[in-house]
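One file, final.cif, is given below (mmCIF, C-alpha atoms).
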```cif
data_coords
#
loop_
_atom_site.group_PDB
_atom_site.id
_atom_site.type_symbol
_atom_site.label_atom_id
_atom_site.label_comp_id
_atom_site.auth_asym_id
_atom_site.auth_seq_id
_atom_site.Cartn_x
_atom_site.Cartn_y
_atom_site.Cartn_z
ATOM 1 C CA MET A 1 51.959 -5.636 11.137
ATOM 2 C CA PHE A 2 49.485 -6.450 13.908
ATOM 3 C CA PRO A 3 47.224 -3.412 13.216
ATOM 4 C CA LEU A 4 47.051 -4.417 9.536
ATOM 5 C CA MET A 5 46.052 -7.981 10.389
ATOM 6 C CA MET A 6 43.460 -6.763 12.869
ATOM 7 C CA THR A 7 41.987 -4.352 10.341
ATOM 8 C CA THR A 8 41.881 -7.044 7.640
ATOM 9 C CA THR A 9 40.200 -9.488 9.993
ATOM 10 C CA LEU A 10 37.551 -6.963 10.984
ATOM 11 C CA LEU A 11 36.850 -6.133 7.349
ATOM 12 C CA TRP A 12 36.417 -9.814 6.530
ATOM 13 C CA LEU A 13 34.051 -10.232 9.478
ATOM 14 C CA ILE A 14 31.955 -7.323 8.246
ATOM 15 C CA VAL A 15 31.835 -8.752 4.716
ATOM 16 C CA VAL A 16 30.809 -12.180 6.022
ATOM 17 C CA LEU A 17 28.112 -10.596 8.196
ATOM 18 C CA ILE A 18 26.721 -8.687 5.214
ATOM 19 C CA ILE A 19 26.640 -11.844 3.078
ATOM 20 C CA PHE A 20 24.972 -13.747 5.901
ATOM 21 C CA GLN A 21 22.269 -11.105 6.326
ATOM 22 C CA GLY A 22 21.563 -11.134 2.608
ATOM 23 C CA GLY A 23 21.317 -14.933 2.608
ATOM 24 C CA VAL A 24 18.917 -14.908 5.555
ATOM 25 C CA ALA A 25 16.664 -12.379 3.810
ATOM 26 C CA GLN A 26 16.727 -14.278 0.503
ATOM 27 C CA SER A 27 15.958 -17.575 2.224
ATOM 28 C CA GLY A 28 13.125 -15.997 4.202
ATOM 29 C CA ALA A 29 11.571 -14.476 1.088
ATOM 30 C CA ALA A 30 11.689 -17.822 -0.724
ATOM 31 C CA ARG A 31 10.197 -19.720 2.224
ATOM 32 C CA ALA A 32 7.372 -17.200 2.646
ATOM 33 C CA SER A 33 6.424 -17.332 -1.039
ATOM 34 C CA GLU A 34 6.456 -21.130 -1.098
ATOM 35 C CA ALA A 35 4.404 -21.293 2.106
ATOM 36 C CA ALA A 36 1.795 -18.957 0.617
ATOM 37 C CA VAL A 37 1.196 -21.010 -2.537
ATOM 38 C CA LEU A 38 1.398 -24.378 -0.760
ATOM 39 C CA HIS A 39 -1.962 -23.937 0.961
ATOM 40 C CA TRP A 40 -3.536 -21.499 -1.486
ATOM 41 C CA ASP A 41 -6.501 -23.733 -2.319
ATOM 42 C CA ASN A 42 -7.515 -23.889 1.359
ATOM 43 C CA SER A 43 -6.338 -21.364 3.928
ATOM 44 C CA LYS A 44 -7.622 -23.590 6.740
ATOM 45 C CA ARG A 45 -4.776 -26.065 6.267
ATOM 46 C CA GLY A 46 -2.463 -26.399 9.229
ATOM 47 C CA ALA A 47 1.269 -27.016 9.373
ATOM 48 C CA SER A 48 0.695 -30.647 8.369
ATOM 49 C CA GLY A 49 -1.076 -29.574 5.179
ATOM 50 C CA LEU A 50 -4.338 -31.285 6.141
ATOM 51 C CA PRO A 51 -7.410 -29.214 7.047
ATOM 52 C CA ALA A 52 -9.986 -30.321 9.564
ATOM 53 C CA ALA A 53 -12.877 -32.311 8.130
ATOM 54 C CA GLY A 54 -15.456 -30.059 6.499
ATOM 55 C CA VAL A 55 -13.398 -26.884 6.953
ATOM 56 C CA ASP A 56 -12.590 -24.888 3.810
ATOM 57 C CA ASP A 57 -12.777 -21.428 2.265
ATOM 58 C CA GLY A 58 -16.237 -21.877 0.791
ATOM 59 C CA LEU A 59 -17.446 -23.108 -2.563
ATOM 60 C CA TYR A 60 -17.134 -19.875 -4.563
ATOM 61 C CA TRP A 61 -14.027 -18.255 -3.078
ATOM 62 C CA ARG A 62 -12.244 -18.379 -6.436
ATOM 63 C CA LEU A 63 -15.010 -16.399 -8.124
ATOM 64 C CA ALA A 64 -14.688 -13.119 -6.211
ATOM 65 C CA GLU A 65 -11.931 -13.427 -3.606
ATOM 66 C CA ASP A 66 -9.376 -14.729 -6.098
ATOM 67 C CA ASN A 67 -10.399 -12.440 -9.010
ATOM 68 C CA LEU A 68 -11.138 -15.409 -11.249
ATOM 69 C CA LEU A 69 -13.427 -13.629 -13.700
ATOM 70 C CA GLN A 70 -11.194 -10.588 -13.947
ATOM 71 C CA GLY A 71 -8.232 -12.777 -14.776
ATOM 72 C CA LEU A 72 -10.008 -14.946 -17.324
ATOM 73 C CA LEU A 73 -11.915 -12.233 -19.151
ATOM 74 C CA GLN A 74 -9.281 -9.474 -18.858
ATOM 75 C CA LEU A 75 -11.800 -7.181 -17.213
ATOM 76 C CA ALA A 76 -9.252 -4.993 -15.436
ATOM 77 C CA SER A 77 -9.390 -1.451 -16.724
ATOM 78 C CA PRO A 78 -6.180 0.152 -18.061
ATOM 79 C CA GLU A 79 -5.787 2.342 -15.016
ATOM 80 C CA ASP A 80 -5.856 -0.756 -12.797
ATOM 81 C CA GLY A 81 -2.872 -2.244 -14.579
ATOM 82 C CA GLN A 82 -2.527 -5.605 -16.247
ATOM 83 C CA GLN A 83 -2.694 -7.658 -13.045
ATOM 84 C CA ALA A 84 -4.964 -7.751 -10.040
ATOM 85 C CA SER A 85 -2.788 -7.624 -6.927
ATOM 86 C CA VAL A 86 -3.050 -7.647 -3.141
ATOM 87 C CA THR A 87 -0.235 -6.443 -0.877
ATOM 88 C CA VAL A 88 0.459 -7.174 2.791
ATOM 89 C CA ALA A 89 3.117 -5.198 4.667
ATOM 90 C CA LEU A 90 5.778 -6.995 6.712
ATOM 91 C CA PRO A 91 6.308 -7.457 9.554
ATOM 92 C CA LEU A 92 2.724 -8.133 10.568
ATOM 93 C CA PRO A 93 1.214 -6.497 13.650
ATOM 94 C CA VAL A 94 1.619 -8.472 16.854
ATOM 95 C CA GLY A 95 -0.885 -11.303 16.733
ATOM 96 C CA GLY A 96 -1.975 -10.364 13.206
ATOM 97 C CA ASN A 97 -2.243 -12.680 10.229
ATOM 98 C CA GLY A 98 -3.602 -10.356 7.558
ATOM 99 C CA ALA A 99 -7.217 -10.672 8.676
ATOM 100 C CA ALA A 100 -7.432 -6.948 9.360
ATOM 101 C CA ALA A 101 -7.405 -6.297 5.612
ATOM 102 C CA GLY A 102 -10.761 -8.092 5.310
ATOM 103 C CA SER A 103 -9.628 -10.122 2.305
ATOM 104 C CA LEU A 104 -9.173 -13.870 2.008
ATOM 105 C CA THR A 105 -6.121 -13.268 -0.177
ATOM 106 C CA ALA A 106 -4.584 -10.998 2.463
ATOM 107 C CA ILE A 107 -5.251 -13.618 5.128
ATOM 108 C CA LYS A 108 -3.418 -16.254 3.100
ATOM 109 C CA LEU A 109 -0.454 -13.962 2.554
ATOM 110 C CA GLY A 110 -0.496 -12.997 6.217
ATOM 111 C CA LYS A 111 -0.365 -16.620 7.374
ATOM 112 C CA ALA A 112 2.737 -17.182 5.266
ATOM 113 C CA GLY A 113 4.287 -13.884 6.366
ATOM 114 C CA SER A 114 3.805 -14.775 10.025
ATOM 115 C CA ARG A 115 6.537 -17.402 9.596
ATOM 116 C CA LEU A 116 9.136 -14.694 9.052
ATOM 117 C CA SER A 117 11.161 -13.004 11.749
ATOM 118 C CA PRO A 118 9.647 -9.679 12.885
ATOM 119 C CA GLN A 119 13.041 -8.122 12.217
ATOM 120 C CA LEU A 120 12.544 -8.583 8.470
ATOM 121 C CA HIS A 121 10.722 -5.703 6.778
ATOM 122 C CA GLY A 122 9.123 -5.644 3.366
ATOM 123 C CA GLU A 123 5.909 -6.811 1.732
ATOM 124 C CA MET A 124 4.161 -9.828 0.280
ATOM 125 C CA MET A 125 2.164 -9.536 -2.918
ATOM 126 C CA TYR A 126 -0.284 -11.728 -4.779
ATOM 127 C CA LYS A 127 -0.495 -11.086 -8.502
ATOM 128 C CA ARG A 128 -3.095 -12.535 -10.827
ATOM 129 C CA GLY A 129 -2.666 -12.244 -14.552
ATOM 130 C CA VAL A 130 -4.594 -13.826 -17.387
ATOM 131 C CA LEU A 131 -2.568 -17.038 -17.469
ATOM 132 C CA ASN A 132 -0.660 -17.158 -14.211
ATOM 133 C CA ARG A 133 -0.881 -16.400 -10.507
ATOM 134 C CA GLN A 134 2.018 -15.909 -8.187
ATOM 135 C CA ALA A 135 2.928 -14.901 -4.667
ATOM 136 C CA GLU A 136 5.944 -12.635 -4.369
ATOM 137 C CA THR A 137 7.887 -11.593 -1.288
ATOM 138 C CA ARG A 138 10.104 -8.507 -1.165
ATOM 139 C CA LEU A 139 12.354 -7.927 1.826
ATOM 140 C CA ARG A 140 14.551 -4.935 2.495
ATOM 141 C CA LEU A 141 18.183 -5.622 3.262
ATOM 142 C CA PRO A 142 19.980 -3.817 6.089
ATOM 143 C CA MET A 143 22.482 -1.095 5.226
ATOM 144 C CA GLY A 144 21.520 -1.040 1.542
ATOM 145 C CA ILE A 145 23.263 -4.329 0.698
ATOM 146 C CA PRO A 146 23.170 -4.987 -3.059
ATOM 147 C CA SER A 147 21.152 -8.072 -3.968
ATOM 148 C CA ARG A 148 21.955 -10.706 -6.590
ATOM 149 C CA SER A 149 19.743 -8.943 -9.096
ATOM 150 C CA GLY A 150 21.896 -5.839 -8.738
ATOM 151 C CA LYS A 151 19.149 -3.796 -7.076
ATOM 152 C CA SER A 152 20.416 -2.311 -3.851
ATOM 153 C CA GLY A 153 18.587 -2.892 -0.604
ATOM 154 C CA GLU A 154 16.004 -5.493 -1.634
ATOM 155 C CA VAL A 155 15.635 -9.220 -2.292
ATOM 156 C CA ARG A 156 12.739 -10.857 -4.078
ATOM 157 C CA ALA A 157 11.400 -14.369 -4.350
ATOM 158 C CA SER A 158 8.233 -15.607 -6.006
ATOM 159 C CA ALA A 159 6.324 -18.854 -6.370
ATOM 160 C CA ILE A 160 3.657 -19.893 -8.858
ATOM 161 C CA VAL A 161 0.217 -20.865 -7.576
ATOM 162 C CA THR A 162 -0.890 -24.206 -9.012
ATOM 163 C CA ASP A 163 -4.489 -25.366 -8.728
ATOM 164 C CA PRO A 164 -5.453 -28.212 -11.113
ATOM 165 C CA VAL A 165 -9.106 -28.082 -10.057
ATOM 166 C CA GLU A 166 -9.397 -24.398 -10.917
ATOM 167 C CA PHE A 167 -7.530 -24.873 -14.196
ATOM 168 C CA ILE A 168 -10.007 -27.506 -15.412
ATOM 169 C CA ARG A 169 -12.986 -25.433 -14.341
ATOM 170 C CA SER A 170 -11.553 -22.292 -15.895
ATOM 171 C CA VAL A 171 -11.056 -23.984 -19.263
ATOM 172 C CA ASP A 172 -14.622 -25.291 -19.204
ATOM 173 C CA LEU A 173 -15.948 -21.872 -18.152
ATOM 174 C CA VAL A 174 -14.162 -20.053 -20.978
ATOM 175 C CA ARG A 175 -15.282 -22.628 -23.531
ATOM 176 C CA TYR A 176 -18.890 -22.426 -22.348
ATOM 177 C CA TYR A 177 -19.177 -18.638 -22.392
ATOM 178 C CA THR A 178 -17.254 -18.327 -25.641
ATOM 179 C CA ALA A 179 -19.773 -20.617 -27.305
ATOM 180 C CA LYS A 180 -22.675 -18.723 -25.711
ATOM 181 C CA PHE A 181 -21.363 -15.337 -26.876
ATOM 182 C CA GLN A 182 -20.805 -16.586 -30.405
ATOM 183 C CA ALA A 183 -24.235 -18.186 -30.606
ATOM 184 C CA SER A 184 -26.134 -15.206 -29.217
ATOM 185 C CA ARG A 185 -26.969 -12.382 -31.560
ATOM 186 C CA ASP A 186 -28.457 -10.152 -28.860
ATOM 187 C CA MET A 187 -25.565 -10.275 -26.392
ATOM 188 C CA LYS A 188 -22.191 -8.693 -26.932
ATOM 189 C CA ALA A 189 -19.066 -9.992 -25.230
ATOM 190 C CA ALA A 190 -18.324 -6.598 -23.690
ATOM 191 C CA SER A 191 -21.743 -6.294 -22.034
ATOM 192 C CA ALA A 192 -21.618 -9.903 -20.854
ATOM 193 C CA GLY A 193 -18.175 -9.349 -19.407
ATOM 194 C CA LYS A 194 -19.391 -6.286 -17.511
ATOM 195 C CA ALA A 195 -22.318 -8.273 -16.103
ATOM 196 C CA LEU A 196 -19.976 -11.008 -14.899
ATOM 197 C CA LYS A 197 -17.654 -8.441 -13.328
ATOM 198 C CA ASP A 198 -20.567 -6.862 -11.438
ATOM 199 C CA TYR A 199 -21.641 -10.314 -10.270
ATOM 200 C CA ALA A 200 -18.150 -11.116 -8.991
ATOM 201 C CA ALA A 201 -18.066 -7.801 -7.114
ATOM 202 C CA GLY A 202 -21.419 -8.542 -5.478
ATOM 203 C CA ARG A 203 -23.305 -5.794 -7.300
ATOM 204 C CA PRO A 204 -26.807 -6.497 -8.672
#
```
So, in terms of structure tokens, how does the structure I just supplied come out?
Amino acid sequence: MFPLMMTTTLLWLIVVLIIFQGGVAQSGAARASEAAVLHWDNSKRGASGLPAAGVDDGLYWRLAEDNLLQGLLQLASPEDGQQASVTVALPLPVGGNGAAAGSLTAIKLGKAGSRLSPQLHGEMMYKRGVLNRQAETRLRLPMGIPSRSGKSGEVRASAIVTDPVEFIRSVDLVRYYTAKFQASRDMKAASAGKALKDYAAGRP
């Protein structure tokens, strides 16, 4: 009788440990995604959410760093997929915050990923579509634990980036260029879109 009780107790402890590990990973993924989108409009914000006076990401960071034109005008080529994306591997290098990738988007993801335990492995992604932007965190579970979604060994959590200032400007930008393209007989939308894409990429 005693060996049976001991075996049952050990099995229950293992099950509880597995559930706990999955919960920790799911909670970490959700917190990292929320932290990434919370300060997306200004990566210089600290833990309090307030940046230092006069410190920001620059006036035109949305234009090139955030793939604004590509998202609005659907300029991504078919081989690039439907969404522009940036990926940062987790855990980050010791003392790293994503700056090594040389991208403002990677830096923002890295700052959020630095909140996670170095024992958690996975990746953070930023995806920009035509109508939405989101930060997604994927963490690998130990021992191939099945997640809630049914996919073994991985948990996911995502958060939507909200930026009212950009939304208003984007609507005005689309309205302006739509009217310009329709009024111009010498300019085609495709050629104008290519010119804007080259401008966003920094090419003359």
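Put simply, atom CA of Leu141 of chain A is 20.3 Å away from atom CA of Gly110 of chain A.
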Distance query 10 Å from (-9.0, -25.9, 4.9) using only C-alpha atoms, result as a ChimeraX atom specification:
/A:39-46,49-58
Residues as selected, C-alpha atoms, written as a tab-separated table (two decimals), keeping the file's coordinate frame, can you do that?
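part-v4.tsv written:
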```
chain	number	residue	atom	x	y	z
A	39	HIS	CA	-1.96	-23.94	0.96
A	40	TRP	CA	-3.54	-21.50	-1.49
A	41	ASP	CA	-6.50	-23.73	-2.32
A	42	ASN	CA	-7.52	-23.89	1.36
A	43	SER	CA	-6.34	-21.36	3.93
A	44	LYS	CA	-7.62	-23.59	6.74
A	45	ARG	CA	-4.78	-26.06	6.27
A	46	GLY	CA	-2.46	-26.40	9.23
A	49	GLY	CA	-1.08	-29.57	5.18
A	50	LEU	CA	-4.34	-31.28	6.14
A	51	PRO	CA	-7.41	-29.21	7.05
A	52	ALA	CA	-9.99	-30.32	9.56
A	53	ALA	CA	-12.88	-32.31	8.13
A	54	GLY	CA	-15.46	-30.06	6.50
A	55	VAL	CA	-13.40	-26.88	6.95
A	56	ASP	CA	-12.59	-24.89	3.81
A	57	ASP	CA	-12.78	-21.43	2.26
A	58	GLY	CA	-16.24	-21.88	0.79
```
Given the choices A:Val86, A:Leu109, A:Leu63, A:Leu120, which gets closest to Arg169 of chain A if the distance is worked out from all atoms listed in the file?
A:Leu63
Atom CA of Ser114 of chain A to atom CA of Gly23 of chain A: how many Å, to one decimal?
19.0 Å
Work out how far atom CA of Leu90 of chain A is from atom CA of His121 of chain A, in Å to one decimal.
5.1 Å
Just the residues within 6 Å of segment 153-166 of chain A, please, counting all atoms listed in the file, with nothing from its chain fewer than 4 positions along; format it as number ranges by chain.
A: 26, 29-30, 33-34, 37, 133-141, 144-147, 170
Is it possible to get the axis-aligned box enclosing segment 110-113 of chain A (all listed atoms, 4 Å extra per side) as JSON, with centre and edge lengths in Å rounded to one decimal?
```
{"center_x": 1.9, "center_y": -15.1, "center_z": 6.3, "size_x": 12.8, "size_y": 12.2, "size_z": 10.1}
```
